[in-house]
file target-v5.cif (mmCIF, C-alpha atoms and all ligand atoms)
data_run
loop_
_atom_site.label_atom_id
_atom_site.label_comp_id
_atom_site.auth_asym_id
_atom_site.auth_seq_id
_atom_site.Cartn_x
_atom_site.Cartn_y
_atom_site.Cartn_z
CA MET A 1 -67.52 262.78 159.09
CA ALA A 2 -64.87 262.49 156.49
CA LEU A 3 -61.40 261.93 157.84
CA LEU A 4 -59.19 263.37 155.21
CA LEU A 5 -55.57 262.80 154.66
CA MET A 6 -54.06 265.31 152.35
CA PHE A 7 -50.72 265.18 150.70
CA THR A 8 -49.29 266.64 147.57
CA TRP A 9 -48.00 264.95 144.47
CA PRO A 10 -45.13 267.04 143.16
CA GLY A 11 -43.60 264.59 140.72
CA PHE A 12 -42.45 261.09 140.34
CA THR A 13 -38.89 261.39 141.61
CA SER A 14 -39.50 262.41 145.19
CA ILE A 15 -42.81 260.68 145.51
CA HIS A 16 -41.73 257.55 147.30
CA GLN A 17 -39.66 259.44 149.79
CA ARG A 18 -42.48 261.82 150.67
CA TYR A 19 -45.04 259.11 150.71
CA LEU A 20 -43.06 257.06 153.17
CA THR A 21 -42.11 259.95 155.39
CA ARG A 22 -45.67 261.10 155.69
CA TYR A 23 -46.90 257.57 155.99
CA LEU A 24 -44.71 256.97 158.99
CA LEU A 25 -45.80 260.22 160.57
CA GLN A 26 -49.49 259.28 160.46
CA PRO A 27 -51.53 257.65 163.27
CA PRO A 28 -51.90 253.86 162.87
CA LEU A 29 -55.43 253.93 161.36
CA MET A 30 -54.35 256.18 158.54
CA ARG A 31 -51.25 254.12 157.98
CA LEU A 32 -53.43 251.13 157.38
CA SER A 33 -55.53 252.87 154.75
CA LEU A 34 -52.47 254.17 152.97
CA LEU A 35 -50.98 250.73 152.97
CA LEU A 36 -54.17 249.43 151.40
CA LEU A 37 -53.97 252.04 148.74
CA LEU A 38 -50.40 251.12 147.86
CA THR A 39 -51.36 247.48 147.65
CA VAL A 40 -54.31 248.13 145.35
CA ALA A 41 -52.30 250.38 143.08
CA SER A 42 -49.45 247.95 142.64
CA ALA A 43 -51.78 245.03 141.93
CA LEU A 44 -53.17 246.67 138.80
CA VAL A 45 -51.66 245.83 135.47
CA VAL A 46 -52.10 248.56 132.90
CA ASP A 47 -51.16 248.46 129.26
CA PRO A 48 -48.84 251.47 128.93
CA SER A 49 -49.76 252.06 125.26
CA ALA A 50 -53.50 252.29 126.05
CA LYS A 51 -55.03 255.72 126.33
CA TYR A 52 -58.15 254.46 128.06
CA ILE A 53 -58.71 251.94 130.77
CA CYS A 54 -61.90 249.91 130.96
CA SER A 55 -63.20 248.28 134.11
CA GLU A 56 -62.98 244.48 134.16
CA GLU A 57 -66.48 244.15 135.68
CA ASP A 58 -68.12 246.56 133.26
CA SER A 59 -66.43 246.88 129.87
CA THR A 60 -68.47 249.98 129.07
CA ASP A 61 -67.02 251.78 132.11
CA CYS A 62 -63.95 253.36 130.49
CA TYR A 63 -61.86 256.34 131.60
CA PRO A 64 -58.67 258.07 130.45
CA GLN A 65 -55.40 256.47 131.49
CA ILE A 66 -54.06 259.88 132.55
CA PHE A 67 -56.09 261.51 135.26
CA VAL A 68 -57.73 264.77 134.13
CA PRO A 69 -57.77 267.13 137.13
CA THR A 70 -60.30 269.85 137.87
CA GLU A 71 -60.70 272.51 140.57
CA GLU A 72 -62.81 270.04 142.56
CA TRP A 73 -61.83 266.76 144.23
CA LYS A 74 -62.34 263.87 141.85
CA THR A 75 -61.82 260.16 142.42
CA ILE A 76 -58.77 258.62 140.85
CA ARG A 77 -59.79 255.45 139.07
CA PRO A 78 -57.74 252.22 139.31
CA GLY A 79 -54.63 252.36 137.11
CA GLN A 80 -54.87 256.05 136.34
CA GLU A 81 -51.61 258.00 136.15
CA ILE A 82 -51.55 261.23 138.07
CA PRO A 83 -49.79 264.22 136.50
CA PRO A 84 -47.36 266.04 138.79
CA GLY A 85 -48.36 269.15 140.73
CA LEU A 86 -51.78 268.01 142.01
CA HIS A 87 -53.27 267.76 145.47
CA VAL A 88 -53.95 264.16 146.26
CA ARG A 89 -55.91 262.84 149.22
CA ILE A 90 -57.55 259.72 150.44
CA ASN A 91 -61.17 259.95 151.36
CA MET A 92 -61.21 257.86 154.52
CA GLU A 93 -64.95 257.11 154.22
CA THR A 94 -64.86 255.73 150.73
CA LEU A 95 -61.16 254.77 150.83
CA GLN A 96 -60.92 256.31 147.35
CA LYS A 97 -57.96 258.31 146.27
CA GLU A 98 -58.94 261.76 145.03
CA ALA A 99 -57.10 264.58 143.33
CA LYS A 100 -57.60 268.19 142.28
CA LEU A 101 -55.59 271.04 140.78
CA MET A 102 -53.44 273.15 143.05
CA SER A 103 -54.29 276.84 143.25
CA GLU A 104 -51.63 279.27 142.04
CA ASP A 105 -50.68 280.16 145.65
CA GLU A 106 -50.40 276.56 146.68
CA ARG A 107 -48.24 275.77 143.69
CA GLU A 108 -45.87 278.60 144.53
CA SER A 109 -45.46 277.57 148.14
CA GLU A 110 -44.96 273.99 147.05
CA GLU A 111 -42.25 275.05 144.63
CA LYS A 112 -40.58 277.10 147.32
CA GLU A 113 -40.60 274.13 149.64
CA THR A 114 -39.03 271.89 147.03
CA GLN A 115 -36.49 274.59 146.25
CA LYS A 116 -35.62 274.87 149.94
CA GLU A 117 -35.10 271.13 150.17
CA VAL A 118 -32.74 271.22 147.20
CA GLU A 119 -30.82 274.13 148.71
CA ASN A 120 -30.52 272.36 152.01
CA GLN A 121 -29.18 269.30 150.29
CA VAL A 122 -26.30 270.97 148.43
CA PRO A 123 -24.08 271.87 151.38
CA ALA A 124 -24.92 268.58 153.02
CA VAL A 125 -23.53 266.66 150.07
CA TYR A 126 -20.22 268.48 150.00
CA GLU A 127 -19.48 269.55 153.52
CA THR A 128 -20.87 267.37 156.19
CA SER A 129 -22.49 263.99 156.08
CA ASP A 130 -21.16 262.96 152.72
CA VAL A 131 -17.46 263.37 153.44
CA SER A 132 -17.73 259.92 154.95
CA THR A 133 -18.08 258.63 151.40
CA PHE A 134 -15.26 258.43 148.90
CA ASN A 135 -16.84 260.90 146.44
CA GLY A 136 -17.90 263.31 149.14
CA ALA A 137 -14.40 263.31 150.59
CA LEU A 138 -12.88 263.88 147.14
CA ASN A 139 -15.26 266.77 146.53
CA ALA A 140 -14.25 268.32 149.82
CA VAL A 141 -10.56 268.00 149.00
CA LEU A 142 -11.01 269.57 145.57
CA LYS A 143 -13.20 272.34 146.94
CA PHE A 144 -10.77 273.26 149.68
CA GLY A 145 -7.88 273.02 147.27
CA ASP A 146 -9.66 275.50 144.97
CA LYS A 147 -10.31 277.82 147.87
CA ILE A 148 -6.64 277.85 148.81
CA SER A 149 -5.38 278.48 145.29
CA ALA A 150 -8.01 281.19 144.72
CA THR A 151 -7.37 283.18 147.89
CA SER A 152 -4.01 282.91 149.54
CA SER A 153 -5.70 283.52 152.88
CA GLY A 154 -8.20 280.71 152.31
CA LYS A 155 -10.21 280.26 155.48
CA LEU A 156 -10.71 276.58 156.01
CA ASN A 157 -13.15 274.76 158.13
CA GLU A 158 -10.57 272.20 159.20
CA LYS A 159 -13.18 269.92 160.72
CA ASP A 160 -14.71 269.14 157.34
CA ILE A 161 -11.45 268.48 155.63
CA GLU A 162 -10.31 266.41 158.61
CA ASN A 163 -13.35 264.18 158.21
CA ALA A 164 -12.71 263.91 154.49
CA ALA A 165 -9.09 263.01 155.19
CA GLU A 166 -10.18 260.30 157.65
CA THR A 167 -12.35 258.78 154.97
CA LEU A 168 -9.60 258.86 152.38
CA VAL A 169 -6.96 257.49 154.78
CA ASP A 170 -9.19 254.45 155.26
CA LEU A 171 -10.02 253.98 151.60
CA SER A 172 -6.73 254.83 149.91
CA HIS A 173 -5.21 251.41 150.69
CA ASP A 174 -7.63 249.94 148.22
CA LEU A 175 -6.07 249.63 144.74
CA GLU A 176 -9.10 250.94 142.89
CA HIS A 177 -9.48 253.96 145.14
CA GLY A 178 -5.76 254.59 144.72
CA VAL A 179 -6.26 254.69 140.98
CA ARG A 180 -9.20 257.07 141.27
CA LEU A 181 -7.26 259.38 143.59
CA THR A 182 -4.55 259.70 140.94
CA GLN A 183 -6.68 259.88 137.79
CA ASP A 184 -7.36 263.56 138.26
CA PRO A 185 -4.01 265.29 138.91
CA LYS A 186 -5.87 268.12 140.67
CA ILE A 187 -6.58 265.83 143.61
CA PHE A 188 -2.95 265.36 144.65
CA ILE A 189 -2.20 269.03 143.96
CA SER A 190 -5.13 269.98 146.21
CA ILE A 191 -3.87 267.60 148.87
CA LEU A 192 -0.44 269.26 148.81
CA ASP A 193 -1.98 272.75 148.77
CA ILE A 194 -4.13 271.91 151.77
CA ALA A 195 -1.23 270.20 153.56
CA ASP A 196 0.77 273.41 153.30
CA ASN A 197 -1.97 275.32 155.12
CA VAL A 198 -3.06 273.10 158.00
CA GLY A 199 -1.81 271.76 161.31
CA LEU A 200 0.55 268.84 161.70
CA ASP A 201 -2.01 266.09 162.37
CA LEU A 202 -4.00 266.83 159.28
CA LYS A 203 -0.91 267.41 157.16
CA GLU A 204 0.41 263.99 158.17
CA LYS A 205 -2.89 262.36 157.24
CA LEU A 206 -3.00 264.06 153.85
CA LEU A 207 0.51 262.89 153.01
CA ARG A 208 -0.40 259.40 154.23
CA ILE A 209 -3.29 259.34 151.75
CA MET A 210 -0.85 259.92 148.88
CA GLY A 211 1.57 257.31 150.15
CA SER A 212 -1.00 254.59 150.63
CA SER A 213 -2.75 255.20 147.33
CA LEU A 214 0.58 254.68 145.57
CA ARG A 215 2.06 251.82 147.59
CA ASN A 216 2.28 248.69 145.43
CA ASN A 217 -0.17 250.26 143.00
CA PRO A 218 1.58 250.45 139.58
CA GLU A 219 -1.45 251.96 137.86
CA ALA A 220 -1.75 254.77 140.40
CA ILE A 221 2.02 255.38 140.24
CA GLY A 222 1.84 255.51 136.43
CA ASN A 223 -1.02 258.03 136.70
CA VAL A 224 1.03 260.35 138.89
CA LEU A 225 4.09 260.12 136.67
CA LYS A 226 2.08 260.63 133.49
CA LEU A 227 -0.32 263.34 134.66
CA GLN A 228 1.60 265.44 137.18
CA ASN A 229 4.19 267.89 135.95
CA PRO A 230 7.75 267.64 137.36
CA GLN A 231 6.97 270.49 139.72
CA PHE A 232 4.88 268.05 141.74
CA ILE A 233 7.85 265.73 142.32
CA ASN A 234 10.03 268.72 143.20
CA ARG A 235 7.51 269.84 145.81
CA LEU A 236 7.83 266.45 147.48
CA PHE A 237 11.63 266.68 147.65
CA ASP A 238 11.31 270.29 148.88
CA TYR A 239 9.67 269.00 152.06
CA LEU A 240 12.83 267.06 152.88
CA GLU A 241 14.97 270.18 152.62
CA ASP A 242 12.54 272.36 154.56
CA LYS A 243 14.20 273.11 157.91
CA ASN A 244 10.77 273.79 159.44
CA ALA A 245 9.17 270.56 158.26
CA GLU A 246 8.44 268.11 161.04
CA GLU A 247 10.11 264.71 161.02
CA VAL A 248 6.83 262.84 160.58
CA VAL A 249 6.15 264.90 157.46
CA LYS A 250 9.55 263.94 156.07
CA LYS A 251 8.87 260.31 156.90
CA ARG A 252 5.62 260.39 154.94
CA VAL A 253 7.27 262.11 151.98
CA ILE A 254 10.05 259.52 151.92
CA GLY A 255 7.24 256.93 151.88
CA ILE A 256 5.75 258.55 148.78
CA ILE A 257 9.13 258.66 147.04
CA HIS A 258 9.67 255.02 147.96
CA ALA A 259 6.31 254.08 146.45
CA LEU A 260 7.13 255.95 143.22
CA SER A 261 10.54 254.23 143.01
CA LEU A 262 8.72 251.07 141.95
CA ASN A 263 8.40 252.62 138.50
CA ASN A 264 11.41 252.19 136.25
CA SER A 265 11.18 255.53 134.49
CA PHE A 266 11.01 257.30 137.84
CA LYS A 267 13.94 255.25 139.09
CA LEU A 268 16.09 256.20 136.10
CA GLU A 269 15.06 259.82 136.09
CA TYR A 270 15.31 260.56 139.80
CA LEU A 271 17.09 257.81 141.66
CA SER A 272 20.00 256.79 139.47
CA LEU A 273 23.46 258.04 140.38
CA GLN A 274 24.05 258.99 136.75
CA ARG A 275 21.27 261.55 136.67
CA GLY A 276 21.27 262.24 140.37
CA ARG A 277 18.18 264.44 140.29
CA GLY A 278 16.41 262.96 143.28
CA ILE A 279 19.02 260.78 144.88
CA ASP A 280 21.40 263.69 145.34
CA ARG A 281 18.69 265.46 147.29
CA LEU A 282 18.29 262.39 149.53
CA VAL A 283 22.06 262.30 150.04
CA SER A 284 22.07 265.98 150.83
CA VAL A 285 19.47 265.76 153.62
CA PHE A 286 20.43 262.38 155.06
CA PRO A 287 22.77 263.50 157.90
CA GLU A 288 20.08 265.83 159.30
CA LEU A 289 17.27 263.27 159.22
CA GLU A 290 16.25 261.40 162.33
CA HIS A 291 16.86 257.69 162.76
CA ALA A 292 13.45 256.47 161.51
CA SER A 293 13.70 258.56 158.34
CA GLN A 294 17.28 257.45 157.76
CA VAL A 295 16.12 253.83 157.96
CA ARG A 296 13.51 254.62 155.34
CA VAL A 297 16.01 256.20 153.00
CA MET A 298 18.17 253.10 153.35
CA ASN A 299 15.16 250.96 152.44
CA ILE A 300 14.83 252.92 149.22
CA LEU A 301 18.53 252.48 148.44
CA GLU A 302 18.18 248.78 149.17
CA ASP A 303 15.24 248.44 146.78
CA LEU A 304 17.25 250.31 144.18
CA GLY A 305 20.05 247.76 144.58
CA LEU A 306 22.48 250.47 145.63
CA VAL A 307 23.19 248.84 149.00
CA ALA A 308 23.11 245.25 150.22
CA ASP A 309 19.89 243.52 151.25
CA LEU A 310 18.43 244.12 154.66
CA GLU A 311 19.56 240.68 155.92
CA LYS A 312 23.14 241.47 155.05
CA ARG A 313 23.16 244.89 156.65
CA GLN A 314 22.60 246.10 160.17
CA GLU A 315 19.22 247.78 160.34
CA GLU A 316 20.26 249.37 163.60
CA SER A 317 22.78 251.53 161.89
CA PRO A 318 21.48 253.22 158.77
CA GLN A 319 24.35 255.69 159.17
CA LEU A 320 26.94 252.94 158.93
CA GLU A 321 25.29 251.65 155.77
CA PHE A 322 24.90 255.08 154.33
CA SER A 323 28.55 255.83 155.00
CA ASN A 324 29.53 252.64 153.19
CA PHE A 325 27.30 253.62 150.29
CA LEU A 326 28.93 257.04 150.01
CA GLN A 327 32.43 255.62 150.36
CA SER A 328 31.92 253.05 147.63
CA SER A 329 30.18 255.56 145.35
CA LEU A 330 33.32 257.69 145.63
CA HIS A 331 36.12 255.14 145.42
CA GLU A 332 34.39 253.03 142.78
CA ARG A 333 34.01 256.24 140.78
CA LYS A 334 30.25 256.00 140.46
CA VAL A 335 29.98 259.73 141.05
CA VAL A 336 32.38 261.65 138.86
CA ALA A 337 30.75 264.96 137.97
CA GLU A 338 32.50 267.48 140.21
CA PRO A 339 29.49 269.00 142.05
CA GLN A 340 28.07 265.53 142.73
CA PHE A 341 31.48 264.27 143.81
CA GLN A 342 31.92 267.16 146.22
CA LEU A 343 28.41 266.72 147.61
CA TYR A 344 28.96 263.04 148.35
CA PHE A 345 32.36 263.67 149.92
CA ASN A 346 31.09 266.57 152.05
CA LYS A 347 28.13 264.56 153.29
CA LEU A 348 30.37 261.65 154.15
CA THR A 349 32.63 264.00 156.11
CA GLN A 350 29.66 265.54 157.89
CA LEU A 351 28.32 262.13 158.85
CA HIS A 352 31.66 260.90 160.22
CA LYS A 353 32.07 264.08 162.24
CA GLN A 354 28.61 263.53 163.72
CA ASN A 355 29.10 259.87 164.47
CA LYS A 356 32.55 258.90 165.73
CA ASP A 357 31.68 255.19 165.52
CA LEU A 358 31.78 255.32 161.75
CA LYS A 359 35.00 254.05 160.19
CA PRO A 360 36.36 254.32 156.67
CA THR A 361 37.07 251.08 154.78
CA PRO A 362 40.66 250.30 153.74
CA GLU A 363 39.65 250.61 150.07
CA PHE A 364 38.27 254.06 150.67
CA LEU A 365 41.36 255.21 152.59
CA GLN A 366 43.64 253.98 149.85
CA TRP A 367 41.62 255.75 147.20
CA LEU A 368 41.41 258.93 149.31
CA ALA A 369 45.20 259.16 149.68
CA GLN A 370 45.62 259.02 145.90
CA GLU A 371 42.74 261.31 145.11
CA ALA A 372 43.88 263.94 147.60
CA ASN A 373 47.39 263.90 146.14
CA VAL A 374 46.18 264.14 142.59
CA ARG A 375 44.07 267.12 143.48
CA VAL A 376 46.66 268.95 145.50
CA GLU A 377 49.21 268.47 142.73
CA GLY A 378 46.76 270.07 140.34
CA HIS A 379 46.25 267.03 138.12
CA LYS A 380 42.50 267.38 138.15
CA ASP A 381 42.88 269.20 134.84
CA THR A 382 39.43 268.60 133.38
CA ARG A 383 38.09 270.88 136.05
CA ASP A 384 37.98 274.65 136.46
CA ILE A 385 40.55 275.89 138.92
CA SER A 386 38.18 278.08 140.84
CA PRO A 387 38.72 279.29 144.42
CA GLU A 388 35.78 277.08 145.50
CA ASN A 389 37.36 274.00 143.98
CA GLN A 390 40.75 274.75 145.53
CA ASP A 391 38.99 275.20 148.82
CA PHE A 392 37.35 271.84 148.45
CA ASP A 393 40.69 270.18 147.67
CA ARG A 394 42.19 271.59 150.83
CA GLN A 395 39.23 270.44 152.91
CA MET A 396 39.50 267.00 151.39
CA LEU A 397 43.14 266.70 152.39
CA GLN A 398 42.30 267.94 155.84
CA ALA A 399 39.41 265.51 156.23
CA ARG A 400 41.63 262.67 155.15
CA HIS A 401 43.59 263.07 158.37
CA GLU A 402 41.18 264.77 160.74
CA VAL A 403 38.07 262.81 159.96
CA PHE A 404 39.19 259.58 158.34
CA GLY A 405 42.68 259.14 159.79
CA ASN A 406 44.84 259.79 162.76
CA PRO A 407 44.46 263.46 163.76
CA ASN A 408 47.95 263.52 165.32
CA ALA A 409 49.50 262.66 161.97
CA MET A 410 47.66 265.55 160.41
CA ARG A 411 50.08 268.38 160.94
CA LYS A 412 53.13 266.62 159.59
CA ALA A 413 51.31 265.04 156.67
CA TYR A 414 49.69 268.30 155.76
CA LEU A 415 53.02 270.07 155.64
CA ASP A 416 54.62 267.20 153.72
CA GLU A 417 51.93 267.10 151.11
CA LEU A 418 51.87 270.81 150.57
C1 LIG B 501 6.08 254.32 134.79
O1 LIG B 501 5.63 255.62 134.56
C2 LIG B 501 5.50 255.98 133.20
C3 LIG B 501 5.16 257.42 133.16
O2 LIG B 501 6.28 258.19 133.52
C4 LIG B 501 4.46 255.11 132.54
O3 LIG B 501 4.33 255.45 131.18
C5 LIG B 501 4.85 253.66 132.69
O4 LIG B 501 3.82 252.86 132.21
C6 LIG B 501 5.12 253.31 134.15
N1 LIG B 501 5.70 252.00 134.22
C7 LIG B 501 5.10 251.00 134.83
C8 LIG B 501 5.83 249.68 134.83
O5 LIG B 501 4.03 251.12 135.38
#

call {"tool": "encode", "arguments": {"input": "target-v5.cif", "output": "structure tokens"}}
result
Amino acid sequence: MALLLMFTWPGFTSIHQRYLTRYLLQPPLMRLSLLLLLTVASALVVDPSAKYICSEEDSTDCYPQIFVPTEEWKTIRPGQEIPPGLHVRINMETLQKEAKLMSEDERESEEKETQKEVENQVPAVYETSDVSTFNGALNAVLKFGDKISATSSGKLNEKDIENAAETLVDLSHDLEHGVRLTQDPKIFISILDIADNVGLDLKEKLLRIMGSSLRNNPEAIGNVLKLQNPQFINRLFDYLEDKNAEEVVKKRVIGIIHALSLNNSFKLEYLSLQRGRGIDRLVSVFPELEHASQVRVMNILEDLGLVADLEKRQEESPQLEFSNFLQSSLHERKVVAEPQFQLYFNKLTQLHKQNKDLKPTPEFLQWLAQEANVRVEGHKDTRDISPENQDFDRQMLQARHEVFGNPNAMRKAYLDEL
């Protein structure tokens, strides 16, 4: 009785996989014979340029190097290559490997099976198992980002993107991964797009990915600044001004801005008082931020050299430090353009109204008395005399007494000065 083991031979790429799978599924006796076969086959050395192979025992026993199949089972000789698409079996009596052509029906069903395997693999690569790898996670991010930008009501399977985010949170600390995350500007855009459409936990993770891929990573920072358009930076600052944005989101965004501030061009463009583009937005939101975020903003200002080092300042009171920063920016005339000047003064007033422990410095008070007088007497002649500006002047005079001075002296002084 011939015990036959049949398996197919679809091509060289998937052969090992199939061979092993089927091998492991066989009863032990068959495993042994298959193992023998593998051993024999790998022991043969065949000249690849030869078209015929001759037996070592009998030099007249020669056969083609490439197996020529027929409709019937035929023994495969040692060293023969088997073309793809054949049935192959081992005859368990003779322990010879045999092959024959597949019928048309068999070929079709084989092709269908292969096709099915390929189809089953595609979603697996992008959606499930593979998001635990860096590339799989990136693919998921890009795919979901596309979905969101294509349809405004993009339905997301949050579980998949959560897993991808987990992977990227872990890997983004690595410098090289940070560089790869920033090489294609679409990745960070997708991350922001997704962040705008998901729950808080996932949003926080996505923003953390950006922060940690940039932290102390000059190449990644350079990539973002070179490849993203300014709209990207604006979107980050927008989060800080969004009244509905959660504090942890703002904290993460401040982290990203801090990371970018390592780059000199970014520093000059966004965080210098002269240009004011980004720093004015930080000043504008500061009084409404919570303590932890305020501390982070102060860390940025410290790294920019705009306030004293951490050792010299009280970390406990970012508001005190921020107040001192605003006061000195004003009385040392570092902010002179009228809208910027008014912003800094208004924010200082707001902060001192919120926190009664804050005190003005003598230098600031001295400057304020002069400045208020100059304004009220109309000597601020380089400026438009608009109702808004006159309003501001009045508020400044008022704040001088109510917020920064002795409120009881206010009434008399106000009348005197007017
Ligand atoms: C800073 O970013 C710019 C792009 O805006 C880039 O050309 C430059 O190389 C970066 N600087 C450093 C020190 O990485």

call {"tool": "axis_aligned_box", "arguments": {"input": "target-v5.cif", "around": "stretch 356-375 of chain A", "padding_each_side": "5 Å", "output": "lines of an AutoDock Vina configuration file"}}
result
center_x = 39.5
center_y = 258.7
center_z = 154.2
size_x = 25.7
size_y = 26.8
size_z = 33.1

call {"tool": "atom_distance", "arguments": {"input": "target-v5.cif", "atom1": "atom CA of A:Gln395", "atom2": "atom CA of A:Arg281"}}
result
21.9 Å

call {"tool": "closest_residue", "arguments": {"input": "target-v5.cif", "among": "A:Ala372, A:Leu351, A:Ile187, A:Leu273", "to": "A:Ala337", "atoms": "only C-alpha atoms"}}
result
A:Leu273

call {"tool": "residues_near_ligand", "arguments": {"input": "target-v5.cif", "ligand": "ligand LIG 501 (chain B)", "cutoff": "7 Å", "atoms": "all atoms listed in the file", "output": "ChimeraX atom specification"}}
result
/A:218-219,221-222,225-226,263-266

call {"tool": "residues_around", "arguments": {"input": "target-v5.cif", "residues": "A:Gln80", "least_positions_apart": "5", "cutoff": "7 Å", "atoms": "all atoms listed in the file", "output": "list of chain:residue names"}}
result
A:Gln65, A:Ile66, A:Phe67

call {"tool": "residues_around", "arguments": {"input": "target-v5.cif", "residues": "A:Gly255", "least_positions_apart": "5", "cutoff": "12 Å", "atoms": "only C-alpha atoms", "output": "ChimeraX atom specification"}}
result
/A:204,207-216,236-237,240,248-250,260-262,292-300

call {"tool": "atom_distance", "arguments": {"input": "target-v5.cif", "atom1": "atom CA of A:Asp193", "atom2": "atom CA of A:Ile148"}}
result
6.9 Å

call {"tool": "residues_near_point", "arguments": {"input": "target-v5.cif", "point": "(-1.3, 265.6, 156.5)", "cutoff": "10 Å", "atoms": "all atoms listed in the file", "output": "MDAnalysis selection string"}}
result
chainID A and resid 162 165 191:192 194:210 248:249 252

call {"tool": "residues_around", "arguments": {"input": "target-v5.cif", "residues": "A:Asn234", "least_positions_apart": "3", "cutoff": "12 Å", "atoms": "all atoms listed in the file", "output": "PDB file with C-alpha atoms, in the coordinates of the input"}}
result
ATOM      1  CA  LEU A 192      -0.440 269.260 148.810  1.00  0.00           C
ATOM      2  CA  GLN A 228       1.600 265.440 137.180  1.00  0.00           C
ATOM      3  CA  ASN A 229       4.190 267.890 135.950  1.00  0.00           C
ATOM      4  CA  PRO A 230       7.750 267.640 137.360  1.00  0.00           C
ATOM      5  CA  GLN A 231       6.970 270.490 139.720  1.00  0.00           C
ATOM      6  CA  PHE A 237      11.630 266.680 147.650  1.00  0.00           C
ATOM      7  CA  ASP A 238      11.310 270.290 148.880  1.00  0.00           C
ATOM      8  CA  TYR A 239       9.670 269.000 152.060  1.00  0.00           C
ATOM      9  CA  LEU A 240      12.830 267.060 152.880  1.00  0.00           C
ATOM     10  CA  GLU A 241      14.970 270.180 152.620  1.00  0.00           C
ATOM     11  CA  VAL A 253       7.270 262.110 151.980  1.00  0.00           C
ATOM     12  CA  ILE A 257       9.130 258.660 147.040  1.00  0.00           C
ATOM     13  CA  TYR A 270      15.310 260.560 139.800  1.00  0.00           C
ATOM     14  CA  ARG A 277      18.180 264.440 140.290  1.00  0.00           C
ATOM     15  CA  GLY A 278      16.410 262.960 143.280  1.00  0.00           C
ATOM     16  CA  ARG A 281      18.690 265.460 147.290  1.00  0.00           C
TER      17      ARG A 281
END

call {"tool": "closest_residue", "arguments": {"input": "target-v5.cif", "among": "A:His258, A:Lys100, A:His177, A:Lys147", "to": "A:Glu71", "atoms": "all atoms listed in the file"}}
result
A:Lys100

call {"tool": "closest_residue", "arguments": {"input": "target-v5.cif", "among": "A:Ser190, A:Asn91, A:Gln96, A:Gln274", "to": "A:Val336", "atoms": "only C-alpha atoms"}}
result
A:Gln274

call {"tool": "residues_around", "arguments": {"input": "target-v5.cif", "residues": "A:Pro69", "least_positions_apart": "4", "cutoff": "10 Å", "atoms": "all atoms listed in the file", "output": "compact mmCIF listing (two decimals) with C-alpha atoms, keeping the file's coordinate frame"}}
result
# COMPACT_ATOMS: atom_id res chain seq x y z
CA TRP A 73 -61.83 266.76 144.23
CA LYS A 74 -62.34 263.87 141.85
CA THR A 75 -61.82 260.16 142.42
CA ILE A 76 -58.77 258.62 140.85
CA ILE A 82 -51.55 261.23 138.07
CA PRO A 83 -49.79 264.22 136.50
CA LEU A 86 -51.78 268.01 142.01
CA HIS A 87 -53.27 267.76 145.47
CA GLU A 98 -58.94 261.76 145.03
CA ALA A 99 -57.10 264.58 143.33
CA LYS A 100 -57.60 268.19 142.28
CA LEU A 101 -55.59 271.04 140.78
CA MET A 102 -53.44 273.15 143.05

call {"tool": "atom_distance", "arguments": {"input": "target-v5.cif", "atom1": "atom CA of A:Gln398", "atom2": "atom CA of A:Leu368"}}
result
11.2 Å

call {"tool": "residues_around", "arguments": {"input": "target-v5.cif", "residues": "A:Leu181", "least_positions_apart": "2", "cutoff": "10 Å", "atoms": "only C-alpha atoms", "output": "PDB file with C-alpha atoms, in the coordinates of the input"}}
result
ATOM      1  CA  PHE A 134     -15.260 258.430 148.900  1.00  0.00           C
ATOM      2  CA  LEU A 138     -12.880 263.880 147.140  1.00  0.00           C
ATOM      3  CA  LEU A 168      -9.600 258.860 152.380  1.00  0.00           C
ATOM      4  CA  SER A 172      -6.730 254.830 149.910  1.00  0.00           C
ATOM      5  CA  LEU A 175      -6.070 249.630 144.740  1.00  0.00           C
ATOM      6  CA  GLU A 176      -9.100 250.940 142.890  1.00  0.00           C
ATOM      7  CA  HIS A 177      -9.480 253.960 145.140  1.00  0.00           C
ATOM      8  CA  GLY A 178      -5.760 254.590 144.720  1.00  0.00           C
ATOM      9  CA  VAL A 179      -6.260 254.690 140.980  1.00  0.00           C
ATOM     10  CA  GLN A 183      -6.680 259.880 137.790  1.00  0.00           C
ATOM     11  CA  ASP A 184      -7.360 263.560 138.260  1.00  0.00           C
ATOM     12  CA  PRO A 185      -4.010 265.290 138.910  1.00  0.00           C
ATOM     13  CA  LYS A 186      -5.870 268.120 140.670  1.00  0.00           C
ATOM     14  CA  ILE A 187      -6.580 265.830 143.610  1.00  0.00           C
ATOM     15  CA  PHE A 188      -2.950 265.360 144.650  1.00  0.00           C
ATOM     16  CA  ILE A 209      -3.290 259.340 151.750  1.00  0.00           C
ATOM     17  CA  MET A 210      -0.850 259.920 148.880  1.00  0.00           C
ATOM     18  CA  SER A 213      -2.750 255.200 147.330  1.00  0.00           C
ATOM     19  CA  LEU A 214       0.580 254.680 145.570  1.00  0.00           C
ATOM     20  CA  ALA A 220      -1.750 254.770 140.400  1.00  0.00           C
ATOM     21  CA  ASN A 223      -1.020 258.030 136.700  1.00  0.00           C
ATOM     22  CA  VAL A 224       1.030 260.350 138.890  1.00  0.00           C
TER      23      VAL A 224
END
